[in-house]
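Content type mmCIF, C-alpha atoms; chains and numbers go by the auth columns, from the file upload33.cif:
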data_my_file
loop_
_atom_site.group_PDB
_atom_site.id
_atom_site.type_symbol
_atom_site.label_atom_id
_atom_site.label_comp_id
_atom_site.label_asym_id
_atom_site.label_seq_id
_atom_site.Cartn_x
_atom_site.Cartn_y
_atom_site.Cartn_z
_atom_site.B_iso_or_equiv
_atom_site.auth_seq_id
_atom_site.auth_asym_id
ATOM 1 C CA ASP A 1 40.086 -142.286 47.770 0.00 72 A
ATOM 2 C CA LEU A 2 37.532 -141.984 45.013 0.00 73 A
ATOM 3 C CA GLY A 3 38.315 -145.354 43.447 0.00 74 A
ATOM 4 C CA THR A 4 37.676 -147.161 46.726 0.00 75 A
ATOM 5 C CA MET A 5 34.510 -145.175 47.337 0.00 76 A
ATOM 6 C CA TYR A 6 33.113 -146.242 43.951 0.00 77 A
ATOM 7 C CA LEU A 7 34.340 -149.812 44.303 0.00 78 A
ATOM 8 C CA GLN A 8 32.642 -150.205 47.687 0.00 79 A
ATOM 9 C CA GLY A 9 29.675 -147.884 47.102 0.00 80 A
ATOM 10 C CA LYS A 10 30.533 -145.675 50.082 0.00 81 A
ATOM 11 C CA GLY A 11 28.930 -142.236 49.707 0.00 82 A
ATOM 12 C CA VAL A 12 28.434 -142.829 45.980 0.00 83 A
ATOM 13 C CA PRO A 13 26.634 -145.486 43.946 0.00 84 A
ATOM 14 C CA GLN A 14 28.772 -148.618 43.634 0.00 85 A
ATOM 15 C CA ASN A 15 30.329 -148.654 40.188 0.00 86 A
ATOM 16 C CA SER A 16 33.325 -150.856 39.363 0.00 87 A
ATOM 17 C CA GLU A 17 33.954 -149.195 36.006 0.00 88 A
ATOM 18 C CA THR A 18 34.185 -145.744 37.616 0.00 89 A
ATOM 19 C CA ALA A 19 36.394 -147.168 40.368 0.00 90 A
ATOM 20 C CA PHE A 20 38.655 -148.587 37.676 0.00 91 A
ATOM 21 C CA LYS A 21 38.903 -145.159 36.026 0.00 92 A
ATOM 22 C CA TRP A 22 39.977 -143.472 39.281 0.00 93 A
ATOM 23 C CA PHE A 23 42.414 -146.251 40.196 0.00 94 A
ATOM 24 C CA SER A 24 43.935 -146.003 36.698 0.00 95 A
ATOM 25 C CA LEU A 25 44.534 -142.270 37.058 0.00 96 A
ATOM 26 C CA ALA A 26 46.133 -142.699 40.477 0.00 97 A
ATOM 27 C CA ALA A 27 48.155 -145.758 39.406 0.00 98 A
ATOM 28 C CA LYS A 28 49.658 -143.892 36.461 0.00 99 A
ATOM 29 C CA GLN A 29 50.850 -141.270 38.953 0.00 100 A
ATOM 30 C CA GLY A 30 52.760 -143.993 40.808 0.00 101 A
ATOM 31 C CA LEU A 31 50.460 -144.611 43.776 0.00 102 A
ATOM 32 C CA SER A 32 51.133 -148.167 44.923 0.00 103 A
ATOM 33 C CA ARG A 33 47.721 -148.763 46.523 0.00 104 A
ATOM 34 C CA ALA A 34 45.971 -147.793 43.284 0.00 105 A
ATOM 35 C CA GLN A 35 48.345 -150.055 41.334 0.00 106 A
ATOM 36 C CA PHE A 36 47.524 -152.895 43.715 0.00 107 A
ATOM 37 C CA ASN A 37 43.788 -152.202 43.378 0.00 108 A
ATOM 38 C CA LEU A 38 44.048 -152.347 39.581 0.00 109 A
ATOM 39 C CA GLY A 39 45.900 -155.647 39.858 0.00 110 A
ATOM 40 C CA THR A 40 43.145 -157.007 42.073 0.00 111 A
ATOM 41 C CA MET A 41 40.406 -155.803 39.739 0.00 112 A
ATOM 42 C CA TYR A 42 42.105 -157.539 36.808 0.00 113 A
ATOM 43 C CA ALA A 43 42.787 -160.702 38.853 0.00 114 A
ATOM 44 C CA GLN A 44 39.132 -160.931 39.896 0.00 115 A
ATOM 45 C CA GLY A 45 37.552 -159.614 36.711 0.00 116 A
ATOM 46 C CA GLN A 46 35.876 -156.868 38.693 0.00 117 A
ATOM 47 C CA GLY A 47 34.772 -154.010 36.453 0.00 118 A
ATOM 48 C CA VAL A 48 37.111 -155.272 33.724 0.00 119 A
ATOM 49 C CA PRO A 49 37.564 -158.622 32.000 0.00 120 A
ATOM 50 C CA ARG A 50 39.736 -160.995 34.025 0.00 121 A
ATOM 51 C CA ASP A 51 43.299 -160.569 32.808 0.00 122 A
ATOM 52 C CA ASN A 52 46.130 -162.240 34.725 0.00 123 A
ATOM 53 C CA ALA A 53 48.818 -160.560 32.604 0.00 124 A
ATOM 54 C CA ALA A 54 47.453 -157.126 33.498 0.00 125 A
ATOM 55 C CA ALA A 55 47.076 -158.157 37.150 0.00 126 A
ATOM 56 C CA LEU A 56 50.702 -159.283 37.150 0.00 127 A
ATOM 57 C CA LYS A 57 51.857 -155.984 35.619 0.00 128 A
ATOM 58 C CA TRP A 58 50.082 -153.871 38.233 0.00 129 A
ATOM 59 C CA TYR A 59 51.024 -156.106 41.152 0.00 130 A
ATOM 60 C CA ILE A 60 54.690 -155.904 40.118 0.00 131 A
ATOM 61 C CA ARG A 61 54.535 -152.108 39.958 0.00 132 A
ATOM 62 C CA ALA A 62 52.986 -151.923 43.432 0.00 133 A
ATOM 63 C CA ALA A 63 55.315 -154.592 44.836 0.00 134 A
ATOM 64 C CA ASP A 64 58.375 -152.803 43.494 0.00 135 A
ATOM 65 C CA LEU A 65 57.237 -149.781 45.509 0.00 136 A
ATOM 66 C CA GLY A 66 57.082 -151.988 48.626 0.00 137 A
ATOM 67 C CA PHE A 67 53.327 -152.606 48.745 0.00 138 A
ATOM 68 C CA VAL A 68 53.284 -155.710 50.923 0.00 139 A
ATOM 69 C CA VAL A 69 49.996 -157.296 49.812 0.00 140 A
ATOM 70 C CA ALA A 70 51.069 -157.007 46.168 0.00 141 A
ATOM 71 C CA GLN A 71 54.305 -158.799 47.081 0.00 142 A
ATOM 72 C CA TYR A 72 52.318 -161.549 48.784 0.00 143 A
ATOM 73 C CA ASN A 73 49.880 -161.859 45.865 0.00 144 A
ATOM 74 C CA LEU A 74 52.795 -162.238 43.446 0.00 145 A
ATOM 75 C CA GLY A 75 54.200 -165.011 45.618 0.00 146 A
ATOM 76 C CA LEU A 76 50.833 -166.724 45.512 0.00 147 A
ATOM 77 C CA MET A 77 50.501 -166.324 41.743 0.00 148 A
ATOM 78 C CA TYR A 78 53.915 -167.879 41.142 0.00 149 A
ATOM 79 C CA MET A 79 53.430 -170.647 43.705 0.00 150 A
ATOM 80 C CA GLN A 80 50.108 -171.655 42.147 0.00 151 A
ATOM 81 C CA GLY A 81 51.010 -170.922 38.528 0.00 152 A
ATOM 82 C CA GLN A 82 48.040 -168.564 38.384 0.00 153 A
ATOM 83 C CA GLY A 83 48.372 -166.625 35.136 0.00 154 A
ATOM 84 C CA VAL A 84 52.149 -167.126 35.165 0.00 155 A
ATOM 85 C CA PRO A 85 54.377 -170.164 34.795 0.00 156 A
ATOM 86 C CA GLN A 86 54.553 -171.896 38.163 0.00 157 A
ATOM 87 C CA ASP A 87 57.938 -170.952 39.672 0.00 158 A
ATOM 88 C CA ASN A 88 58.665 -171.585 43.334 0.00 159 A
ATOM 89 C CA LYS A 89 61.940 -169.634 43.282 0.00 160 A
ATOM 90 C CA ILE A 90 60.119 -166.490 42.214 0.00 161 A
ATOM 91 C CA ALA A 91 57.360 -167.235 44.742 0.00 162 A
ATOM 92 C CA VAL A 92 59.993 -167.405 47.496 0.00 163 A
ATOM 93 C CA LYS A 93 61.421 -164.052 46.356 0.00 164 A
ATOM 94 C CA TRP A 94 58.063 -162.306 46.695 0.00 165 A
ATOM 95 C CA TYR A 95 57.071 -164.118 49.906 0.00 166 A
ATOM 96 C CA THR A 96 60.410 -163.122 51.444 0.00 167 A
ATOM 97 C CA LEU A 97 59.854 -159.450 50.651 0.00 168 A
ATOM 98 C CA ALA A 98 56.386 -159.576 52.204 0.00 169 A
ATOM 99 C CA ALA A 99 57.529 -161.673 55.183 0.00 170 A
ATOM 100 C CA GLU A 100 60.364 -159.247 55.908 0.00 171 A
ATOM 101 C CA GLN A 101 57.727 -156.508 56.201 0.00 172 A
ATOM 102 C CA GLY A 102 55.872 -158.582 58.793 0.00 173 A
ATOM 103 C CA PHE A 103 53.071 -159.991 56.602 0.00 174 A
ATOM 104 C CA VAL A 104 52.058 -163.059 58.620 0.00 175 A
ATOM 105 C CA THR A 105 50.540 -165.121 55.793 0.00 176 A
ATOM 106 C CA ALA A 106 53.727 -164.645 53.751 0.00 177 A
ATOM 107 C CA GLN A 107 55.723 -165.780 56.794 0.00 178 A
ATOM 108 C CA PHE A 108 53.566 -168.894 57.044 0.00 179 A
ATOM 109 C CA ASN A 109 53.952 -169.647 53.324 0.00 180 A
ATOM 110 C CA LEU A 110 57.692 -169.012 53.444 0.00 181 A
ATOM 111 C CA GLY A 111 57.970 -171.471 56.336 0.00 182 A
ATOM 112 C CA PHE A 112 56.120 -173.994 54.189 0.00 183 A
ATOM 113 C CA MET A 113 58.453 -173.407 51.235 0.00 184 A
ATOM 114 C CA TYR A 114 61.511 -174.027 53.438 0.00 185 A
ATOM 115 C CA ALA A 115 59.950 -177.077 55.083 0.00 186 A
ATOM 116 C CA MET A 116 59.111 -178.645 51.728 0.00 187 A
ATOM 117 C CA GLY A 117 62.190 -177.478 49.837 0.00 188 A
ATOM 118 C CA GLN A 118 60.085 -175.655 47.253 0.00 189 A
ATOM 119 C CA GLY A 119 62.037 -172.905 45.526 0.00 190 A
ATOM 120 C CA VAL A 120 64.759 -173.170 48.159 0.00 191 A
ATOM 121 C CA ILE A 121 66.921 -175.900 49.638 0.00 192 A
ATOM 122 C CA LYS A 122 64.914 -177.697 52.308 0.00 193 A
ATOM 123 C CA ASP A 123 65.828 -176.069 55.614 0.00 194 A
ATOM 124 C CA ASN A 124 63.926 -177.012 58.763 0.00 195 A
ATOM 125 C CA THR A 125 65.737 -174.327 60.760 0.00 196 A
ATOM 126 C CA ARG A 126 64.469 -171.561 58.444 0.00 197 A
ATOM 127 C CA ALA A 127 60.994 -173.103 58.254 0.00 198 A
ATOM 128 C CA HIS A 128 60.861 -173.232 62.049 0.00 199 A
ATOM 129 C CA MET A 129 62.112 -169.633 62.266 0.00 200 A
ATOM 130 C CA TRP A 130 59.397 -168.247 59.954 0.00 201 A
ATOM 131 C CA TRP A 131 56.658 -170.284 61.618 0.00 202 A
ATOM 132 C CA ASN A 132 57.910 -169.170 65.018 0.00 203 A
ATOM 133 C CA ILE A 133 57.748 -165.511 63.947 0.00 204 A
ATOM 134 C CA ALA A 134 54.233 -165.903 62.522 0.00 205 A
ATOM 135 C CA ALA A 135 53.095 -167.858 65.594 0.00 206 A
ATOM 136 C CA SER A 136 54.359 -165.048 67.828 0.00 207 A
ATOM 137 C CA LYS A 137 51.839 -162.809 66.040 0.00 208 A
ATOM 138 C CA GLY A 138 48.993 -165.204 66.801 0.00 209 A
ATOM 139 C CA ASP A 139 48.988 -167.395 63.687 0.00 210 A
ATOM 140 C CA LYS A 140 47.790 -170.748 65.036 0.00 211 A
ATOM 141 C CA LYS A 141 48.633 -172.786 61.896 0.00 212 A
ATOM 142 C CA SER A 142 52.219 -171.578 62.105 0.00 213 A
ATOM 143 C CA GLY A 143 52.418 -172.607 65.749 0.00 214 A
ATOM 144 C CA THR A 144 51.038 -176.047 64.947 0.00 215 A
ATOM 145 C CA ASN A 145 53.462 -176.534 62.058 0.00 216 A
ATOM 146 C CA ARG A 146 56.400 -175.286 64.134 0.00 217 A
ATOM 147 C CA ASP A 147 55.565 -177.701 66.946 0.00 218 A
ATOM 148 C CA LYS A 148 55.280 -180.662 64.559 0.00 219 A
ATOM 149 C CA LEU A 149 58.532 -179.733 62.856 0.00 220 A
ATOM 150 C CA GLU A 150 60.383 -179.547 66.178 0.00 221 A
ATOM 151 C CA LYS A 151 59.907 -183.319 66.551 0.00 222 A
ATOM 152 C CA GLN A 152 62.163 -183.767 63.483 0.00 223 A
ATOM 153 C CA MET A 153 64.819 -181.300 64.657 0.00 224 A
ATOM 154 C CA THR A 154 67.801 -181.549 66.980 0.00 225 A
ATOM 155 C CA PRO A 155 67.956 -179.355 70.079 0.00 226 A
ATOM 156 C CA THR A 156 70.753 -177.371 68.399 0.00 227 A
ATOM 157 C CA GLN A 157 68.640 -176.722 65.291 0.00 228 A
ATOM 158 C CA ILE A 158 65.747 -175.558 67.475 0.00 229 A
ATOM 159 C CA LYS A 159 68.031 -173.216 69.431 0.00 230 A
ATOM 160 C CA VAL A 160 69.498 -171.749 66.233 0.00 231 A
ATOM 161 C CA SER A 161 66.018 -171.265 64.813 0.00 232 A
ATOM 162 C CA ARG A 162 64.746 -169.554 67.952 0.00 233 A
ATOM 163 C CA ASP A 163 67.813 -167.292 68.017 0.00 234 A
ATOM 164 C CA LEU A 164 67.237 -166.324 64.366 0.00 235 A
ATOM 165 C CA ALA A 165 63.567 -165.574 65.068 0.00 236 A
ATOM 166 C CA ARG A 166 64.426 -163.522 68.162 0.00 237 A
ATOM 167 C CA LYS A 167 67.041 -161.493 66.259 0.00 238 A
ATOM 168 C CA TRP A 168 64.595 -160.919 63.394 0.00 239 A
ATOM 169 C CA MET A 169 61.921 -159.664 65.786 0.00 240 A
ATOM 170 C CA GLU A 170 64.355 -157.431 67.682 0.00 241 A
ATOM 171 C CA LYS A 171 65.205 -155.625 64.428 0.00 242 A
ATOM 172 C CA ARG A 172 61.568 -154.740 63.883 0.00 243 A
#

Could the structure of this file be written out as structure tokens, please?
Amino acid sequence: DLGTMYLQGKGVPQNSETAFKWFSLAAKQGLSRAQFNLGTMYAQGQGVPRDNAAALKWYIRAADLGFVVAQYNLGLMYMQGQGVPQDNKIAVKWYTLAAEQGFVTAQFNLGFMYAMGQGVIKDNTRAHMWWNIAASKGDKKSGTNRDKLEKQMTPTQIKVSRDLARKWMEKR
């Protein structure tokens, strides 16, 4: 799309302000990728002054349309308190939406939230499940965390977790 071409300087001179104009037009028409791109431009101060409130607005619009990276970014913003009040429950909500779509980094972070009891009741079985799913897609940190967590779990908890992960993967 034109916004991306101008943002990256592909086939046209790189120009963040022009990219912003094209993303704005597309975003107002309801295109989730353009909404996400506007959120990113505001979050990074690229072509516009940095504005976390505007980034949040555009990420929410894209996330509500199912744009997975916007969902993940919202989880990150709320987990870190980046431009919003820090709120782990809201972070878990957004990470879950992204994780359910198969976004590996959201699956890793969701495993962490369950393991630490941040925004959810601490649940090693769920943490293990999400790390197991992410590890099955090649995420080494998830595999390492899963293996360490297993040492604190009963054989029954491990079996339940593996069954949950298998059922989740079979649905997708």

Using all atoms listed in the file: which of A:Gln142, A:Gln153, A:Asn195, A:Ser213 has the shortest distance to Ala170 (chain A): A:Gln142

Residues selected by the PyMOL selection byres ((chain A and resi 72-78) around 9), written as JSON, numbers by chain: {"A": [79, 80, 81, 82, 83, 84, 85, 86, 87, 88, 89, 90, 91, 92, 93, 94, 95, 97, 105, 108, 118]}

One-decimal distance in Å that lies between CA of Thr196 (chain A) and CA of Glu221 (chain A): 9.2 Å

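Using only C-alpha atoms for every distance, the candidate list A:Gln178, A:Gly214, A:Lys208, A:Lys164 yields A:Lys164 as the residue closest to Gly190 (chain A).
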
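Using all atoms listed in the file for every distance, the candidate list A:Gln106, A:Gln151, A:Lys211, A:Leu145 yields A:Gln106 as the residue closest to Trp129 (chain A).
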
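Proximity to Met184 (chain A) at 8 Å, evaluated using all atoms listed in the file and with sequence-adjacent residues fewer than 6 positions away removed, yields Val163, Gly190, Val191, Lys193 and Ala198 of chain A.
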
Pick from A:Val139, A:Met224, A:Ile192, A:Met200 nearest to Ala169 (chain A), counting all atoms listed in the file: A:Val139

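In this model, the gap between CA of Gly209 (chain A) and CA of Val140 (chain A) comes to 18.8 Å.
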
Residues matched by the PyMOL selection byres ((chain A and resi 176) around 12) as a ChimeraX atom specification: /A:139-140,142-144,146-147,166-167,169-175,177-183,201-202,204-206,208-213

Distance criterion (only C-alpha atoms): nearest to Asp234 (chain A) out of A:His199, A:Arg121, A:Asn216, A:Ala114: A:His199

Please define a box with edges along x, y and z of the file around all atoms of region 129-135 of chain A given in the file, extend it by 6 Å on each side, and return its centre and edge lengths in Å to one decimal, as lines of an AutoDock Vina configuration file.
center_x = 54.2
center_y = -154.0
center_z = 41.5
size_x = 20.3
size_y = 16.2
size_z = 18.6

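CA of Thr215 (chain A) is positioned 24.9 Å from CA of Lys242 (chain A).
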